>>> print(open('query31.txt').read())   # compact mmCIF, C-alpha atoms
# COMPACT_ATOMS: atom_id res chain seq x y z
CA MET Z 1 127.60 -17.17 68.51
CA SER Z 2 125.46 -18.75 71.25
CA HIS Z 3 122.30 -16.78 71.89
CA LYS Z 4 118.61 -16.75 72.72
CA GLY Z 5 117.44 -14.04 70.34
CA ASN Z 6 117.36 -14.15 66.56
CA LEU Z 7 119.33 -12.14 64.06
CA ALA Z 8 117.48 -10.54 61.15
CA VAL Z 9 118.92 -8.45 58.36
CA VAL Z 10 116.79 -5.89 56.56
CA SER Z 11 117.84 -4.55 53.17
CA GLY Z 12 115.92 -2.92 50.37
CA PHE Z 13 115.84 -0.11 47.85
CA SER Z 14 116.43 3.43 49.01
CA GLY Z 15 112.90 4.82 49.23
CA ALA Z 16 111.27 1.49 50.12
CA GLY Z 17 110.57 2.80 53.62
CA LYS Z 18 113.02 0.70 55.67
CA GLY Z 19 113.67 3.49 58.17
CA THR Z 20 109.98 4.14 58.84
CA LEU Z 21 109.36 0.40 59.10
CA MET Z 22 112.16 -0.10 61.66
CA LYS Z 23 110.94 2.85 63.70
CA ALA Z 24 107.36 1.53 63.74
CA LEU Z 25 108.49 -2.00 64.68
CA LEU Z 26 110.60 -0.76 67.59
CA GLU Z 27 107.80 1.49 68.81
CA GLN Z 28 105.34 -1.41 68.67
CA TYR Z 29 107.61 -3.97 70.37
CA PRO Z 30 110.20 -1.98 72.33
CA MET Z 31 111.23 -4.87 74.62
CA GLN Z 32 111.50 -7.42 71.85
CA TYR Z 33 113.84 -5.84 69.35
CA ALA Z 34 117.19 -4.13 69.28
CA LEU Z 35 118.37 -2.26 66.24
CA SER Z 36 122.07 -2.63 65.62
CA ILE Z 37 123.94 0.62 65.01
CA SER Z 38 126.62 0.55 62.33
CA ALA Z 39 130.03 2.09 62.56
CA THR Z 40 131.33 4.28 59.75
CA THR Z 41 134.23 6.52 58.85
CA ARG Z 42 132.08 8.89 56.83
CA LYS Z 43 131.41 12.34 58.30
CA PRO Z 44 128.09 12.87 60.12
CA ARG Z 45 125.43 14.70 58.08
CA GLU Z 46 123.40 17.47 59.59
CA GLY Z 47 121.11 16.15 62.32
CA GLU Z 48 122.95 12.83 62.67
CA GLU Z 49 124.20 11.86 66.11
CA HIS Z 50 127.04 9.60 67.20
CA GLY Z 51 125.51 6.42 68.64
CA ARG Z 52 122.09 7.07 67.09
CA GLU Z 53 122.40 6.96 63.29
CA TYR Z 54 125.98 5.62 63.35
CA PHE Z 55 129.05 5.34 65.47
CA PHE Z 56 131.24 7.88 63.70
CA LEU Z 57 134.84 6.68 63.86
CA THR Z 58 138.18 7.73 62.44
CA LYS Z 59 139.86 5.50 59.90
CA GLU Z 60 142.35 4.44 62.61
CA GLN Z 61 139.59 3.53 65.08
CA PHE Z 62 137.76 1.53 62.42
CA GLU Z 63 140.91 -0.35 61.39
CA GLN Z 64 141.49 -1.12 65.05
CA LEU Z 65 138.05 -2.83 65.14
CA ILE Z 66 138.95 -4.82 62.03
CA ALA Z 67 142.25 -5.89 63.63
CA GLU Z 68 140.44 -7.03 66.77
CA ASP Z 69 137.87 -9.02 64.77
CA ALA Z 70 135.25 -6.90 66.49
CA LEU Z 71 132.98 -6.50 63.44
CA ILE Z 72 130.40 -8.97 62.16
CA GLU Z 73 130.90 -7.61 58.66
CA TYR Z 74 132.38 -4.53 57.09
CA ALA Z 75 132.85 -3.09 53.64
CA GLY Z 76 134.26 -0.07 51.89
CA TYR Z 77 131.82 2.17 50.01
CA VAL Z 78 132.68 5.41 48.20
CA GLY Z 79 135.96 5.73 50.08
CA ASN Z 80 134.56 5.05 53.55
CA TYR Z 81 134.25 2.05 55.81
CA TYR Z 82 130.89 0.77 57.05
CA GLY Z 83 130.54 -2.13 59.48
CA THR Z 84 128.54 -3.85 62.22
CA PRO Z 85 130.15 -3.96 65.69
CA LYS Z 86 129.90 -7.47 67.12
CA ARG Z 87 129.65 -6.72 70.83
CA TYR Z 88 126.30 -4.92 70.97
CA VAL Z 89 124.66 -7.54 68.73
CA GLN Z 90 125.94 -10.37 70.91
CA GLU Z 91 124.84 -8.73 74.16
CA GLN Z 92 121.32 -8.16 72.85
CA LEU Z 93 120.97 -11.69 71.45
CA GLU Z 94 122.13 -13.14 74.77
CA ALA Z 95 119.53 -11.01 76.56
CA GLY Z 96 116.91 -12.77 74.39
CA ARG Z 97 116.22 -9.79 72.15
CA ASP Z 98 115.93 -10.14 68.42
CA VAL Z 99 118.49 -7.96 66.71
CA ILE Z 100 117.87 -6.26 63.40
CA LEU Z 101 120.68 -5.10 61.15
CA GLU Z 102 119.67 -2.62 58.50
CA ILE Z 103 122.53 -3.08 56.06
CA GLU Z 104 123.12 -3.19 52.33
CA ILE Z 105 123.19 -6.35 50.26
CA GLN Z 106 126.88 -7.29 50.26
CA GLY Z 107 127.02 -6.98 54.04
CA ALA Z 108 123.77 -8.94 54.39
CA LEU Z 109 125.12 -11.84 52.35
CA LYS Z 110 128.34 -11.88 54.40
CA VAL Z 111 126.34 -12.08 57.64
CA LYS Z 112 124.24 -14.94 56.25
CA LYS Z 113 127.34 -16.83 55.23
CA LYS Z 114 128.85 -16.45 58.69
CA PHE Z 115 125.59 -17.12 60.57
CA PRO Z 116 123.33 -19.28 58.37
CA ASP Z 117 120.36 -18.94 60.74
CA THR Z 118 120.16 -15.22 59.99
CA LEU Z 119 116.84 -14.21 58.49
CA LEU Z 120 117.27 -12.08 55.36
CA LEU Z 121 114.39 -9.71 54.67
CA PHE Z 122 114.13 -7.57 51.56
CA VAL Z 123 111.81 -4.56 51.72
CA VAL Z 124 110.25 -3.38 48.47
CA PRO Z 125 107.58 -0.86 47.57
CA PRO Z 126 104.50 -2.33 45.85
CA SER Z 127 105.81 -1.16 42.45
CA ALA Z 128 108.69 0.70 40.81
CA ALA Z 129 106.33 3.58 40.03
CA GLU Z 130 105.53 3.84 43.74
CA LEU Z 131 109.26 3.84 44.51
CA GLU Z 132 109.82 6.76 42.16
CA LYS Z 133 106.83 8.57 43.67
CA ARG Z 134 108.23 8.14 47.20
CA LEU Z 135 111.69 9.31 46.13
CA ARG Z 136 110.20 12.40 44.46
CA GLY Z 137 107.80 12.94 47.36
CA ARG Z 138 110.66 13.67 49.70
CA GLY Z 139 111.04 16.86 47.71
CA THR Z 140 114.68 17.17 48.73
CA GLU Z 141 116.41 15.25 45.95
CA THR Z 142 117.51 16.48 42.56
CA ASP Z 143 116.41 14.68 39.45
CA GLU Z 144 119.92 13.33 39.10
CA VAL Z 145 119.91 11.84 42.60
CA ILE Z 146 116.54 10.21 41.93
CA ARG Z 147 117.84 8.74 38.68
CA SER Z 148 120.89 7.32 40.45
CA ARG Z 149 118.72 5.85 43.22
CA LEU Z 150 116.53 4.13 40.61
CA ALA Z 151 119.62 2.86 38.80
CA ARG Z 152 120.97 1.49 42.07
CA ALA Z 153 117.62 -0.17 42.80
CA ALA Z 154 117.75 -1.84 39.39
CA GLU Z 155 121.20 -3.21 40.26
CA GLU Z 156 120.16 -4.33 43.74
CA ALA Z 157 117.12 -6.12 42.31
CA ALA Z 158 119.53 -8.74 40.96
CA TYR Z 159 120.12 -9.99 44.51
CA MET Z 160 116.52 -10.35 45.69
CA GLU Z 161 116.53 -14.14 45.24
CA GLN Z 162 119.28 -14.49 47.78
CA TYR Z 163 116.99 -13.24 50.52
CA ASP Z 164 114.56 -15.39 52.49
CA TYR Z 165 111.48 -13.20 52.51
CA LEU Z 166 110.12 -10.27 50.58
CA LEU Z 167 108.33 -7.58 52.58
CA ILE Z 168 106.07 -5.53 50.35
CA ASN Z 169 105.75 -2.21 52.12
CA ASP Z 170 102.35 -1.01 50.97
CA ASP Z 171 100.39 -0.49 54.17
CA LEU Z 172 102.90 0.29 56.94
CA SER Z 173 101.07 -1.37 59.85
CA VAL Z 174 100.44 -4.56 57.85
CA CYS Z 175 104.11 -4.62 56.91
CA VAL Z 176 105.21 -4.16 60.54
CA GLU Z 177 103.03 -7.07 61.68
CA GLN Z 178 104.29 -9.26 58.85
CA MET Z 179 107.88 -8.49 59.73
CA HIS Z 180 107.22 -9.23 63.39
CA ALA Z 181 105.54 -12.55 62.53
CA LEU Z 182 108.43 -13.60 60.27
CA ILE Z 183 111.08 -12.86 62.88
CA GLN Z 184 109.12 -14.51 65.70
CA ALA Z 185 108.53 -17.59 63.54
CA GLN Z 186 112.29 -18.17 63.65
CA ARG Z 187 111.95 -19.32 67.24
CA ALA Z 188 110.10 -22.38 66.00
CA ARG Z 189 112.77 -23.35 63.47
CA VAL Z 190 113.99 -26.89 63.98
CA SER Z 191 117.57 -25.67 63.57
CA GLY Z 192 117.19 -23.37 66.59
CA ASN Z 193 115.73 -26.04 68.87
CA SER Z 194 118.45 -28.67 68.98
CA SER Z 195 118.58 -28.84 72.77
CA PHE Z 196 114.79 -29.30 72.99
CA ILE Z 197 115.05 -32.08 70.40
CA ALA Z 198 117.96 -33.75 72.23
CA ASP Z 199 116.03 -33.61 75.52
CA MET Z 200 112.93 -35.09 73.91
CA ARG Z 201 114.96 -37.95 72.45
CA GLY Z 202 116.59 -38.68 75.79
CA GLN Z 203 113.24 -38.69 77.58
CA LEU Z 204 111.64 -40.97 74.98
CA GLU Z 205 114.53 -43.44 75.18
CA HIS Z 206 114.22 -43.42 78.94
CA LEU Z 207 110.45 -44.12 78.84
CA ARG Z 208 110.89 -46.83 76.25
CA GLN Z 209 113.52 -48.69 78.25
CA ARG Z 210 111.68 -48.41 81.53
CA MET T 1 102.50 -27.76 40.20
CA SER T 2 101.47 -24.16 39.53
CA HIS T 3 99.33 -22.76 42.31
CA LYS T 4 98.37 -19.84 44.50
CA GLY T 5 98.04 -21.62 47.85
CA ASN T 6 100.78 -23.23 49.90
CA LEU T 7 101.34 -26.84 50.76
CA ALA T 8 102.12 -27.75 54.38
CA VAL T 9 102.77 -31.18 55.80
CA VAL T 10 102.05 -31.92 59.44
CA SER T 11 103.62 -34.92 61.15
CA GLY T 12 104.28 -35.76 64.76
CA PHE T 13 104.10 -38.38 67.44
CA SER T 14 100.86 -40.24 67.99
CA GLY T 15 99.38 -38.44 71.00
CA ALA T 16 100.92 -35.06 70.18
CA GLY T 17 97.47 -33.73 69.37
CA LYS T 18 97.72 -33.35 65.57
CA GLY T 19 94.07 -34.21 65.02
CA THR T 20 92.77 -31.69 67.57
CA LEU T 21 95.14 -29.07 66.18
CA MET T 22 93.94 -29.58 62.59
CA LYS T 23 90.31 -29.45 63.66
CA ALA T 24 90.86 -26.20 65.59
CA LEU T 25 92.77 -24.60 62.69
CA LEU T 26 90.04 -25.45 60.18
CA GLU T 27 87.33 -24.18 62.51
CA GLN T 28 89.22 -20.92 63.03
CA TYR T 29 90.02 -20.33 59.34
CA PRO T 30 87.48 -22.34 57.34
CA MET T 31 87.99 -20.42 54.07
CA GLN T 32 91.77 -20.45 54.21
CA TYR T 33 92.65 -24.11 54.63
CA ALA T 34 91.83 -27.42 53.06
CA LEU T 35 92.78 -30.66 54.72
CA SER T 36 93.83 -33.31 52.26
CA ILE T 37 92.17 -36.69 52.72
CA SER T 38 94.35 -39.73 52.24
CA ALA T 39 93.43 -42.87 50.36
CA THR T 40 94.00 -46.26 51.94
CA THR T 41 93.34 -49.94 51.35
CA ARG T 42 92.88 -50.69 55.04
CA LYS T 43 89.36 -51.44 56.27
CA PRO T 44 87.39 -48.58 57.88
CA ARG T 45 87.28 -48.68 61.69
CA GLU T 46 84.06 -48.10 63.56
CA GLY T 47 82.87 -44.52 63.11
CA GLU T 48 85.12 -43.82 60.13
CA GLU T 49 83.50 -42.58 56.95
CA HIS T 50 84.60 -42.81 53.31
CA GLY T 51 85.68 -39.32 52.21
CA ARG T 52 85.98 -38.01 55.75
CA GLU T 53 88.76 -39.91 57.56
CA TYR T 54 90.00 -41.63 54.40
CA PHE T 55 89.00 -42.64 50.92
CA PHE T 56 88.67 -46.38 51.46
CA LEU T 57 89.75 -48.15 48.30
CA THR T 58 90.33 -51.70 47.15
CA LYS T 59 93.86 -52.79 46.32
CA GLU T 60 92.92 -52.70 42.61
CA GLN T 61 91.56 -49.15 42.83
CA PHE T 62 94.66 -48.00 44.69
CA GLU T 63 97.01 -49.61 42.16
CA GLN T 64 95.03 -47.92 39.40
CA LEU T 65 95.83 -44.53 41.04
CA ILE T 66 99.51 -45.50 41.20
CA ALA T 67 99.47 -46.47 37.51
CA GLU T 68 97.85 -43.15 36.58
CA ASP T 69 100.43 -41.17 38.61
CA ALA T 70 97.47 -39.73 40.49
CA LEU T 71 99.13 -39.77 43.92
CA ILE T 72 101.53 -37.19 45.35
CA GLU T 73 103.09 -39.87 47.52
CA TYR T 74 102.18 -43.34 48.69
CA ALA T 75 103.64 -46.03 50.88
CA GLY T 76 102.88 -49.48 52.16
CA TYR T 77 102.40 -49.88 55.91
CA VAL T 78 101.48 -53.10 57.74
CA GLY T 79 100.23 -54.73 54.55
CA ASN T 80 98.15 -51.77 53.36
CA TYR T 81 98.63 -48.87 50.98
CA TYR T 82 98.34 -45.26 52.14
CA GLY T 83 98.63 -42.29 49.78
CA THR T 84 97.71 -38.70 48.95
CA PRO T 85 95.50 -38.18 45.87
CA LYS T 86 96.91 -35.40 43.70
CA ARG T 87 93.75 -33.97 42.21
CA TYR T 88 92.06 -32.57 45.32
CA VAL T 89 95.32 -30.98 46.51
CA GLN T 90 95.89 -29.32 43.15
CA GLU T 91 92.32 -28.00 42.92
CA GLN T 92 92.52 -26.45 46.38
CA LEU T 93 95.94 -24.86 45.79
CA GLU T 94 94.72 -23.38 42.53
CA ALA T 95 91.71 -21.93 44.36
CA GLY T 96 94.22 -20.12 46.59
CA ARG T 97 93.66 -22.29 49.64
CA ASP T 98 96.53 -23.61 51.72
CA VAL T 99 96.47 -27.37 51.81
CA ILE T 100 97.56 -29.38 54.80
CA LEU T 101 98.61 -32.99 54.55
CA GLU T 102 98.66 -34.86 57.83
CA ILE T 103 100.99 -37.72 56.92
CA GLU T 104 103.77 -39.75 58.47
CA ILE T 105 107.43 -38.99 58.13
CA GLN T 106 108.44 -41.04 55.10
CA GLY T 107 105.56 -39.61 53.07
CA ALA T 108 106.38 -36.10 54.29
CA LEU T 109 109.98 -36.36 53.13
CA LYS T 110 108.86 -37.66 49.73
CA VAL T 111 106.52 -34.69 49.29
CA LYS T 112 109.30 -32.25 50.24
CA LYS T 113 111.66 -33.85 47.74
CA LYS T 114 109.08 -33.55 44.97
CA PHE T 115 107.90 -30.04 45.96
CA PRO T 116 110.76 -28.26 47.77
CA ASP T 117 108.56 -25.29 48.75
CA THR T 118 106.46 -27.55 50.98
CA LEU T 119 106.50 -26.47 54.61
CA LEU T 120 107.27 -29.37 56.95
CA LEU T 121 105.83 -28.98 60.45
CA PHE T 122 106.52 -31.40 63.27
CA VAL T 123 104.08 -31.37 66.19
CA VAL T 124 105.40 -32.40 69.59
CA PRO T 125 104.04 -32.33 73.11
CA PRO T 126 105.99 -30.15 75.56
CA SER T 127 107.70 -33.25 77.02
CA ALA T 128 107.82 -37.03 76.70
CA ALA T 129 106.12 -37.32 80.10
CA GLU T 130 103.24 -35.23 78.77
CA LEU T 131 103.06 -37.48 75.70
CA GLU T 132 102.72 -40.55 77.89
CA LYS T 133 100.11 -38.78 80.01
CA ARG T 134 98.05 -37.93 76.92
CA LEU T 135 98.31 -41.47 75.56
CA ARG T 136 97.19 -42.90 78.92
CA GLY T 137 94.52 -40.20 79.28
CA ARG T 138 92.63 -41.53 76.29
CA GLY T 139 91.80 -44.45 78.54
CA THR T 140 91.22 -46.71 75.54
CA GLU T 141 94.69 -48.11 74.96
CA THR T 142 96.33 -51.09 76.59
CA ASP T 143 99.70 -50.75 78.26
CA GLU T 144 101.23 -52.63 75.36
CA VAL T 145 99.81 -50.21 72.79
CA ILE T 146 101.12 -47.26 74.81
CA ARG T 147 104.58 -48.83 75.00
CA SER T 148 104.62 -49.40 71.24
CA ARG T 149 103.48 -45.79 70.61
CA LEU T 150 106.31 -44.50 72.79
CA ALA T 151 108.79 -46.77 71.02
CA ARG T 152 107.56 -45.48 67.67
CA ALA T 153 107.89 -41.88 68.89
CA ALA T 154 111.49 -42.60 69.90
CA GLU T 155 112.16 -43.86 66.34
CA GLU T 156 110.37 -40.94 64.71
CA ALA T 157 112.35 -38.47 66.82
CA ALA T 158 115.37 -39.33 64.67
CA TYR T 159 113.77 -37.42 61.76
CA MET T 160 112.85 -34.18 63.52
CA GLU T 161 115.81 -32.29 62.06
CA GLN T 162 114.52 -32.87 58.54
CA TYR T 163 111.48 -30.72 59.27
CA ASP T 164 111.36 -26.93 58.94
CA TYR T 165 109.53 -25.99 62.11
CA LEU T 166 108.71 -27.53 65.44
CA LEU T 167 105.24 -26.88 66.84
CA ILE T 168 105.17 -27.43 70.58
CA ASN T 169 101.56 -28.25 71.35
CA ASP T 170 101.23 -27.06 74.92
CA ASP T 171 98.38 -24.53 74.80
CA LEU T 172 96.13 -25.47 71.87
CA SER T 173 95.05 -21.96 70.85
CA VAL T 174 98.63 -20.66 70.95
CA CYS T 175 99.70 -23.61 68.81
CA VAL T 176 96.89 -22.99 66.28
CA GLU T 177 97.93 -19.34 65.89
CA GLN T 178 101.58 -20.28 65.54
CA MET T 179 100.77 -22.82 62.86
CA HIS T 180 98.62 -20.29 61.01
CA ALA T 181 101.39 -17.67 61.19
CA LEU T 182 104.00 -20.13 59.87
CA ILE T 183 101.89 -21.20 56.92
CA GLN T 184 100.85 -17.65 56.04
CA ALA T 185 104.48 -16.51 56.23
CA GLN T 186 105.18 -18.77 53.26
CA ARG T 187 103.40 -16.27 51.04
CA ALA T 188 106.25 -13.83 51.62
CA ARG T 189 108.97 -16.31 50.67
CA VAL T 190 111.20 -14.97 47.92
CA SER T 191 110.98 -18.34 46.16
CA GLY T 192 107.19 -17.98 45.83
CA ASN T 193 107.31 -14.46 44.42
CA SER T 194 109.33 -14.85 41.25
CA SER T 195 106.78 -13.13 39.03
CA PHE T 196 106.58 -10.13 41.38
CA ILE T 197 110.38 -9.94 41.33
CA ALA T 198 110.54 -10.22 37.54
CA ASP T 199 107.92 -7.46 37.18
CA MET T 200 109.81 -5.19 39.60
CA ARG T 201 113.03 -5.69 37.63
CA GLY T 202 111.33 -4.92 34.34
CA GLN T 203 109.75 -1.75 35.73
CA LEU T 204 113.03 -0.55 37.24
CA GLU T 205 114.89 -1.12 33.98
CA HIS T 206 112.18 0.81 32.16
CA LEU T 207 112.39 3.78 34.59
CA ARG T 208 116.16 3.79 34.44
CA GLN T 209 116.28 3.91 30.64
CA ARG T 210 113.60 6.54 30.30
>>> encode(input="query31.txt", output="structure tokens")
Amino acid sequence: MSHKGNLAVVSGFSGAGKGTLMKALLEQYPMQYALSISATTRKPREGEEHGREYFFLTKEQFEQLIAEDALIEYAGYVGNYYGTPKRYVQEQLEAGRDVILEIEIQGALKVKKKFPDTLLLFVVPPSAAELEKRLRGRGTETDEVIRSRLARAAEEAAYMEQYDYLLINDDLSVCVEQMHALIQAQRARVSGNSSFIADMRGQLEHLRQR
Amino acid sequence: MSHKGNLAVVSGFSGAGKGTLMKALLEQYPMQYALSISATTRKPREGEEHGREYFFLTKEQFEQLIAEDALIEYAGYVGNYYGTPKRYVQEQLEAGRDVILEIEIQGALKVKKKFPDTLLLFVVPPSAAELEKRLRGRGTETDEVIRSRLARAAEEAAYMEQYDYLLINDDLSVCVEQMHALIQAQRARVSGNSSFIADMRGQLEHLRQR
């Protein structure tokens, strides 16, 4: 994948505030970032729109994308497919925008394996107690749902070491700036500047032999 | 080495502006950074002070430090020893300051091998022509010295890929801010937050079993 933008993956516990964080980042830097939209075969929930929360596809349409190698990653979860369409991501990266994928851990690790320069960010609340408070604060979830979210968080916590950076979402605006700084720092990575390095070497050789 | 600050190593071509960059960074963030001072057995040049540019030691004193394992790294260069005393670095890191070592490439790679979390920064001018211009601009160097500096830069360029980040020193204040952002970003590295991660796991397990 040749590109000018950087690819970042954001994962984290349900309730850590990933959605709010993404929204704030895109509001703050609308020209800089593009948020990738996933495709799924699950049915839209109330208020969800095709092309906004997800691309809602039939099983046949999704399997067509798989057959065409048109997904960066995909996985099955509770009987449905979820995946990241390649084309939009590639277009945005080529336009110099940094693309953010908000996906779960298994997908994140697949993307990193395929594109090692991907930045993996893991969003956490400042504490588990705060996570529980935020989950309860929504006021829409049953006790059982909250328990299952906490159990899932405990399982997901096993993968935190496989990420590059931890984003502790305590103060939202601090967290947005930190995320922005981490993604922008990627532009200075030696691994992303091989043509600059090659040019510099060529120029130095030229000056030395003059 | 247990610590609260981060260790960063800055290398780069002679004439890239490392010295000016360090000075500007320390002026901008005097409480945040500590610049490690190297020890050497070479004689002080005019205007150099013991404990400011270097700790000027005798060969016997330097070999005493080697024997006591009191150096993070050391090397011989043109008949003299150069090295980084461990104690000052450790004290500053423990006080929560980020320590910067301005050392040459071989030393930098030794430090990284010993302390893998070290951030390796390579400072370059925007182009080789600009490097030559800066070297000539000093007005103090003979043509021969400039040629040998350029030849050395061409050799050093072979090691750029072993660094983490490239700092292109075009506009000084932009470069200072970029360097600051890169070093501060280290605090969010997953590898530096193992106790936070362990705590989070413990708390989640506790909530889940309640």
>>> interface_residues(input="query31.txt", of="chain T", to="chain Z", cutoff="8 Å", atoms="only C-alpha atoms", output="PyMOL selection string")
chain T and resi 127-129+147+150-151+153-154+157-158+160-161+163-167+178+181-182+185+188-191+193+197+200-201+203-205+207-208
>>> write_last_selection(input="query31.txt", atoms="C-alpha atoms", output="mmCIF file, in the coordinates of the input")
data_model
loop_
_atom_site.group_PDB
_atom_site.id
_atom_site.type_symbol
_atom_site.label_atom_id
_atom_site.label_comp_id
_atom_site.auth_asym_id
_atom_site.auth_seq_id
_atom_site.Cartn_x
_atom_site.Cartn_y
_atom_site.Cartn_z
ATOM 1 C CA SER T 127 107.700 -33.250 77.020
ATOM 2 C CA ALA T 128 107.820 -37.030 76.700
ATOM 3 C CA ALA T 129 106.120 -37.320 80.100
ATOM 4 C CA ARG T 147 104.580 -48.830 75.000
ATOM 5 C CA LEU T 150 106.310 -44.500 72.790
ATOM 6 C CA ALA T 151 108.790 -46.770 71.020
ATOM 7 C CA ALA T 153 107.890 -41.880 68.890
ATOM 8 C CA ALA T 154 111.490 -42.600 69.900
ATOM 9 C CA ALA T 157 112.350 -38.470 66.820
ATOM 10 C CA ALA T 158 115.370 -39.330 64.670
ATOM 11 C CA MET T 160 112.850 -34.180 63.520
ATOM 12 C CA GLU T 161 115.810 -32.290 62.060
ATOM 13 C CA TYR T 163 111.480 -30.720 59.270
ATOM 14 C CA ASP T 164 111.360 -26.930 58.940
ATOM 15 C CA TYR T 165 109.530 -25.990 62.110
ATOM 16 C CA LEU T 166 108.710 -27.530 65.440
ATOM 17 C CA LEU T 167 105.240 -26.880 66.840
ATOM 18 C CA GLN T 178 101.580 -20.280 65.540
ATOM 19 C CA ALA T 181 101.390 -17.670 61.190
ATOM 20 C CA LEU T 182 104.000 -20.130 59.870
ATOM 21 C CA ALA T 185 104.480 -16.510 56.230
ATOM 22 C CA ALA T 188 106.250 -13.830 51.620
ATOM 23 C CA ARG T 189 108.970 -16.310 50.670
ATOM 24 C CA VAL T 190 111.200 -14.970 47.920
ATOM 25 C CA SER T 191 110.980 -18.340 46.160
ATOM 26 C CA ASN T 193 107.310 -14.460 44.420
ATOM 27 C CA ILE T 197 110.380 -9.940 41.330
ATOM 28 C CA MET T 200 109.810 -5.190 39.600
ATOM 29 C CA ARG T 201 113.030 -5.690 37.630
ATOM 30 C CA GLN T 203 109.750 -1.750 35.730
ATOM 31 C CA LEU T 204 113.030 -0.550 37.240
ATOM 32 C CA GLU T 205 114.890 -1.120 33.980
ATOM 33 C CA LEU T 207 112.390 3.780 34.590
ATOM 34 C CA ARG T 208 116.160 3.790 34.440
#
>>> residues_around(input="query31.txt", residues="Thr41 of chain Z", least_positions_apart="3", cutoff="10 Å", atoms="only C-alpha atoms", output="list in words")
Pro44, Tyr54, Phe55, Phe56, Leu57, Thr58, Lys59, Glu60, Gln61, Phe62, Glu63, Gly76, Gly79, Asn80, Tyr81, Tyr82 and Gly83 of chain Z
>>> residues_around(input="query31.txt", residues="segment 9-26 of chain T", least_positions_apart="4", cutoff="7 Å", atoms="all atoms listed in the file", output="list in words")
Pro30, Tyr33, Ile100, Leu101, Glu102, Ile103, Glu104, Ile105, Ala108, Leu119, Leu120, Leu121, Phe122, Val123, Val124, Pro125, Leu131, Arg134, Leu135, Arg149, Ala153, Asn169, Leu172 and Val176 of chain T
>>> residues_around(input="query31.txt", residues="segment 3-7 of chain T", least_positions_apart="6", cutoff="6 Å", atoms="all atoms listed in the file", output="PyMOL selection string")
chain T and resi 93-94+96-99+118
>>> atom_distance(input="query31.txt", atom1="atom CA of Asp143 of chain T", atom2="atom CA of Tyr159 of chain T")
25.5 Å
>>> axis_aligned_box(input="query31.txt", around="segment 26-43 of chain Z", padding_each_side="6 Å", output="AutoDock Vina command-line options")
--center_x 119.8 --center_y 2.5 --center_z 65.7 --size_x 40.9 --size_y 31.8 --size_z 29.8
>>> closest_residue(input="query31.txt", among="T:Val89, T:Leu109, T:Cys175, T:Ala39", to="Ile66 of chain T", atoms="all atoms listed in the file")
T:Ala39
>>> atom_distance(input="query31.txt", atom1="atom CA of Val78 of chain Z", atom2="atom CA of Pro116 of chain Z")
28.3 Å
>>> atom_distance(input="query31.txt", atom1="atom CA of Glu177 of chain Z", atom2="atom CA of Ser36 of chain Z")
19.9 Å
